[in-house]
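Note sheet for the following structure.
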Amino acid sequence: MSQSGNFPAMFKDVPIDVKLPMNPPRNPATDLASKILEQENSDREALALLLDRHLSRSDRLLVQKTQMGNTEAFIGSVTLEWLSSRVRFASQLPLFQKKYDPQTDNVVRDRETIDELLQRPLDWSRQAALTLYLVARKNHKFPALLVVQSPPWVDNPDAPEWDKTGRSRQSSCDFVTLDKDNTIGLLDVSEKVAIFALDGQHRLMGVQGLMELIKTGRLQRYNKNKKAVGAAIIIDDLKQQYQVESADLQNLASERIGIEFIPAVLEGETRDEARRRVRSIFVHVNLMAVNLSKGQLAVLNEDDGFSIIARKVAVTHPLLKEKKKRNARVNWDSATVAAKSTVLTTLQALKDMSERYLGPKFPQWRSANNKGMVPIRPEDEELEEGLEEFNALFDGLSSLVSYQQLDSGTETPEMRRFSHEKGGGDGNLLFRPIGQIALAQAMGILVFEKGFSLKELVEKLQEFDVDGGFSGMEYPRSLWYGVLYDPSKRRVLVSGRDLAAKLLVYILGGIEDDYERANLRKALADARTFEGKAVSFDGKFVKPKEVGLPEVL
């Protein structure tokens, strides 16, 4: 038999002197990488098992330790249900039991408690709004809470944790480290440890309201002092108004929120030193958190339809938008305008104008029924319609003679200042934010509630403006004397906005009822009465009943 006959048929054409390749040579680098990857996977699985074992414990919480100044803190996350059941208000601490008001959950402030207080008083009128925010908004978000951890021994001066000099032998936070750097570990959050909110007590209140709503199906509204007011919030109402299902509410309970623990007492502190430290942290946190101005809120607000439209008009309408070689006409931050300021208005005033003009047309945009509630963003079609209406209003206003003067070189301070102010001026209502708001309010009532034509109203305003109706607010002949101008203090009278709006509705032909006219005449007479003497339109002292209403345009 030939040598080739010993090979399988598939190799019959292969020369017998060729060596067939066997297993490829091993690559040491590849083998090492594979072993490393296997080890990493093994370590990851081991870590997962370790974490599962520890995280399943209800008495320990996985946290990361932080250190700023002399205070250590521990950051973690908990479910909303855990937060509601385990975290309390500082007023509920054993320390305050003799001075605790169970009705309001506040501490009675007196000479015995004033130095112990750790929080501001609770305002229960905020609870319903905060709860509704969590329920109605899909993209809701509460900032992390800052809480204080206080085991029983903290309030027992005879406990062994205090030395003979009254200083703590240890921190009140029982932390078991899991890493060599002492930064990751488990914090004792067992039932024996008191945990109270230092910063975030109203967020806690909102979460507690949510859990009450989930468990009972209703949430009572309260006033500031926790006295029941109005109808309770019912789940069925939420389903209809916000399309919220019971399952959605149940899921909220398992959402997680950030939480930061600080010790009630640090090692080496006396109880008084610890109290002062905790109080200082509360004050410092609130001092550092500067509130946004109303103008800044209007700039950033993506939910309130009136704010959205106001800022769009501010940057697009020819009367307001920025142009080269002219001063800016909108103050984006402050809610007021100084007499010498070159701006025409503020973003906050534009937002108020938007709300008062468009409010009658889009009442669903308002959140007045749920005070403090974040509004639901209107549909894009509604926003487009609202923007078109508000632009139309500004088209009309920009045609007024007073505003036309801006195009001829007149600066806004000249039109805004009163005659008695430095440099003198026109004292024009249209250049004061409060006057602009009152005008928008009146126009909204006339156009959307009474069905007047915007074009015809603007024509009447033009006539009124040409006759000086908006100018000289500081003179008795002005309709706004005593209404939007305080002659005794020689300044703008903000409280007269609603009366000014009613007067504008009247002179534009929107009040025909005799009883309503009589009430308006009396209100105007009262506004022009000083120390029992009324001032007529010709500047004479008369009896209040002798002050009449001007003619309708």
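Every chain in the structure tokens takes a letter, A first, then B, and so on in the order presented; its residues are numbered from 1, and the ligands are numbered from 1 following the presented order.
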
Looking only at helix (DSSP H, G or I) from DSSP on the backbone, list the matching residues of stretch 76-319 of chain A as a ChimeraX atom specification.
/A:80-86,90-92,94-99,124-136,152-155,201-216,235-242,246-252,271-288,294-300,305-316

Residues within 8 Å of A:Arg521, please, as a list of chain:residue names. Count only C-alpha atoms; anything in the same chain fewer than 5 positions from it doesn't count.
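My list of contacting residues is A:Val547, A:Gly548, A:Leu549.
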
Which residues, written as a PyMOL selection string, have at least one atom at most 8 Å from A:Val299, with only C-alpha atoms counted and residues fewer than 4 positions away on the same chain left out?
chain A and resi 295+307-308+311+332+347

Output file for the selection above: N, CA, C and O atoms, as a PDB file, in the first residue's frame:
ATOM      1  N   GLY A 295     -38.256  88.138  37.572  1.00  0.00           N
ATOM      2  CA  GLY A 295     -37.845  88.257  36.183  1.00  0.00           C
ATOM      3  C   GLY A 295     -37.039  87.052  35.733  1.00  0.00           C
ATOM      4  O   GLY A 295     -37.240  86.534  34.632  1.00  0.00           O
ATOM      5  N   SER A 307     -45.636  83.262  30.874  1.00  0.00           N
ATOM      6  CA  SER A 307     -44.206  83.579  30.877  1.00  0.00           C
ATOM      7  C   SER A 307     -43.579  83.292  29.512  1.00  0.00           C
ATOM      8  O   SER A 307     -42.753  84.067  29.014  1.00  0.00           O
ATOM      9  N   ILE A 308     -43.950  82.176  28.918  1.00  0.00           N
ATOM     10  CA  ILE A 308     -43.404  81.805  27.611  1.00  0.00           C
ATOM     11  C   ILE A 308     -43.710  82.876  26.579  1.00  0.00           C
ATOM     12  O   ILE A 308     -42.834  83.314  25.811  1.00  0.00           O
ATOM     13  N   ARG A 311     -41.784  86.383  27.230  1.00  0.00           N
ATOM     14  CA  ARG A 311     -40.380  86.481  26.823  1.00  0.00           C
ATOM     15  C   ARG A 311     -40.223  86.409  25.300  1.00  0.00           C
ATOM     16  O   ARG A 311     -39.285  86.977  24.756  1.00  0.00           O
ATOM     17  N   TRP A 332     -34.502  92.490  32.324  1.00  0.00           N
ATOM     18  CA  TRP A 332     -34.780  91.061  32.409  1.00  0.00           C
ATOM     19  C   TRP A 332     -34.781  90.529  33.835  1.00  0.00           C
ATOM     20  O   TRP A 332     -35.272  89.422  34.084  1.00  0.00           O
ATOM     21  N   LEU A 347     -39.381  92.330  32.273  1.00  0.00           N
ATOM     22  CA  LEU A 347     -39.935  91.046  31.861  1.00  0.00           C
ATOM     23  C   LEU A 347     -41.051  90.626  32.813  1.00  0.00           C
ATOM     24  O   LEU A 347     -42.047  90.040  32.388  1.00  0.00           O
TER      25      LEU A 347
END

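Residues in contact range of stretch 172-183 of chain A, defined as at most 6 Å between only C-alpha atoms, with sequence neighbours fewer than 2 positions away removed, read Gln64, Lys65, Gly185, Leu186, Leu187, Asp188, Pro263 and Val265 of chain A.
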
Leaving out stretch 214-228 of chain A and any residue of its chain fewer than 6 positions from it, which residues lie within 6 Å of it when counting only C-alpha atoms, given as a list in words?
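Selected residues are Thr104, Asp123, Trp124, Ser125, Ala128, Ile234 and Ile235 of chain A.
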
Here is a test: counting only C-alpha atoms, which residue of A:Ser246, A:Gln241, A:Thr270, A:Ser478 is nearest to A:Gln364?
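Under the stated criterion, the closest residue is A:Gln241.
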
d(atom CA of A:Met443, atom CA of A:Tyr485) in Å
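Rounded to one decimal, the two atoms are 21.1 Å apart.
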
Name the residues in contact with A:Phe142 at a cut-off of 9 Å, using only C-alpha atoms, excluding same-chain residues fewer than 2 positions from it; report them as a list in words.
Leu134, His140, Ala144, Leu145, Arg203, Ile257 and Gly258 of chain A

Generate the output file for the selected residues, N, CA and C atoms, as a PDB file, in the first residue's frame.
ATOM      1  N   LEU A 134     -45.931  66.595  42.606  1.00  0.00           N
ATOM      2  CA  LEU A 134     -45.409  65.244  42.428  1.00  0.00           C
ATOM      3  C   LEU A 134     -46.366  64.377  41.618  1.00  0.00           C
ATOM      4  N   HIS A 140     -41.192  65.718  37.464  1.00  0.00           N
ATOM      5  CA  HIS A 140     -41.013  66.363  38.763  1.00  0.00           C
ATOM      6  C   HIS A 140     -39.636  66.036  39.348  1.00  0.00           C
ATOM      7  N   ALA A 144     -32.359  67.204  47.065  1.00  0.00           N
ATOM      8  CA  ALA A 144     -32.079  66.325  48.203  1.00  0.00           C
ATOM      9  C   ALA A 144     -32.412  67.030  49.516  1.00  0.00           C
ATOM     10  N   LEU A 145     -32.824  66.249  50.498  1.00  0.00           N
ATOM     11  CA  LEU A 145     -33.086  66.780  51.828  1.00  0.00           C
ATOM     12  C   LEU A 145     -31.828  66.709  52.679  1.00  0.00           C
ATOM     13  N   ARG A 203     -40.626  69.959  51.645  1.00  0.00           N
ATOM     14  CA  ARG A 203     -40.589  68.832  50.701  1.00  0.00           C
ATOM     15  C   ARG A 203     -41.059  67.559  51.398  1.00  0.00           C
ATOM     16  N   ILE A 257     -35.215  59.609  46.265  1.00  0.00           N
ATOM     17  CA  ILE A 257     -34.832  61.010  46.434  1.00  0.00           C
ATOM     18  C   ILE A 257     -33.501  61.059  47.177  1.00  0.00           C
ATOM     19  N   GLY A 258     -32.689  62.048  46.861  1.00  0.00           N
ATOM     20  CA  GLY A 258     -31.414  62.201  47.547  1.00  0.00           C
ATOM     21  C   GLY A 258     -31.608  62.640  48.988  1.00  0.00           C
TER      22      GLY A 258
END

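Considering only C-alpha atoms, the residue among A:Phe74, A:Phe431, A:Tyr481, A:Tyr506 positioned nearest to A:Asp526 is A:Tyr481.
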
Expected answer as a PyMOL selection string: strand (DSSP E) residues in stretch 168-307 of chain A
chain A and resi 175-177+184-188+194-199+218-219+233-234+256-263

Go ahead and save the residues from that selection, with C-alpha atoms, as a compact mmCIF listing (two decimals), in the first residue's frame.
# COMPACT_ATOMS: atom_id res chain seq x y z
CA PHE A 175 -20.96 54.58 60.07
CA VAL A 176 -19.35 51.27 59.05
CA THR A 177 -16.82 51.74 56.29
CA ILE A 184 -18.08 54.32 51.23
CA GLY A 185 -20.03 52.45 53.87
CA LEU A 186 -23.22 51.67 55.73
CA LEU A 187 -25.04 54.14 57.99
CA ASP A 188 -27.21 53.06 60.90
CA ALA A 194 -34.30 59.78 65.27
CA ILE A 195 -33.97 61.44 61.85
CA PHE A 196 -35.37 64.91 61.29
CA ALA A 197 -35.37 67.29 58.35
CA LEU A 198 -33.13 70.29 58.79
CA ASP A 199 -33.52 71.70 55.28
CA ARG A 218 -57.84 61.81 49.67
CA LEU A 219 -55.76 64.73 50.94
CA ILE A 233 -58.24 66.44 46.97
CA ILE A 234 -59.73 63.15 45.75
CA ARG A 256 -35.95 57.64 45.13
CA ILE A 257 -34.83 61.01 46.43
CA GLY A 258 -31.41 62.20 47.55
CA ILE A 259 -30.78 62.56 51.26
CA GLU A 260 -27.79 63.90 53.20
CA PHE A 261 -27.27 63.02 56.86
CA ILE A 262 -25.30 65.15 59.30
CA PRO A 263 -24.59 64.11 62.89

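Here atom CA of A:Gly206 is placed at a distance of 9.2 Å from atom CA of A:Ser84.
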
Please compute the atom CA of A:Ala274-atom CA of A:Leu61 distance, one decimal, in Å.
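Atom-to-atom, atom CA of A:Ala274 and atom CA of A:Leu61 are spaced 23.6 Å apart.
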
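Using only C-alpha atoms, the smallest distance between any of A:Ile434, A:Ala253, A:Val154, A:Val401 and A:Arg497 comes from A:Ile434.
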
A:Glu456: which residues within 12 Å, counting only C-alpha atoms, same-chain residues fewer than 4 positions away excluded, as an MDAnalysis selection string?
chainID A and resid 393 396 443 446:447 451:452 460:463 508:509 553

Include C-alpha atoms and write out the residues we just selected as a compact mmCIF listing (two decimals), in the first residue's frame.
# COMPACT_ATOMS: atom_id res chain seq x y z
CA LEU A 393 -52.01 94.03 21.45
CA GLY A 396 -51.82 98.47 18.75
CA MET A 443 -57.93 95.42 27.37
CA LEU A 446 -62.87 94.33 26.99
CA VAL A 447 -61.62 92.07 24.19
CA GLY A 451 -66.31 91.16 22.92
CA PHE A 452 -64.92 94.57 21.92
CA LYS A 460 -60.03 105.22 21.25
CA LEU A 461 -56.73 104.93 23.12
CA GLN A 462 -55.03 106.95 20.40
CA GLU A 463 -57.62 109.70 20.87
CA LEU A 508 -63.47 102.75 26.70
CA GLY A 509 -67.20 102.07 26.99
CA LEU A 553 -64.50 107.99 24.83

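Considering the residues A:Gly230, A:Pro487, A:Gly510, A:Gly496 and counting only C-alpha atoms, A:His420 has its shortest atom-to-atom contact with A:Pro487.
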
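Distances to A:Val78 were evaluated for A:Ile445, A:Val483, A:Val189, A:Ile36 using only C-alpha atoms, and the minimum falls at A:Val189.
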
Among listed residues A:Arg432, A:Arg277, A:Arg60, A:Lys312, nearest A:Thr346 (using only C-alpha atoms):
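That would be A:Arg432, the residue with the smallest distance to A:Thr346.
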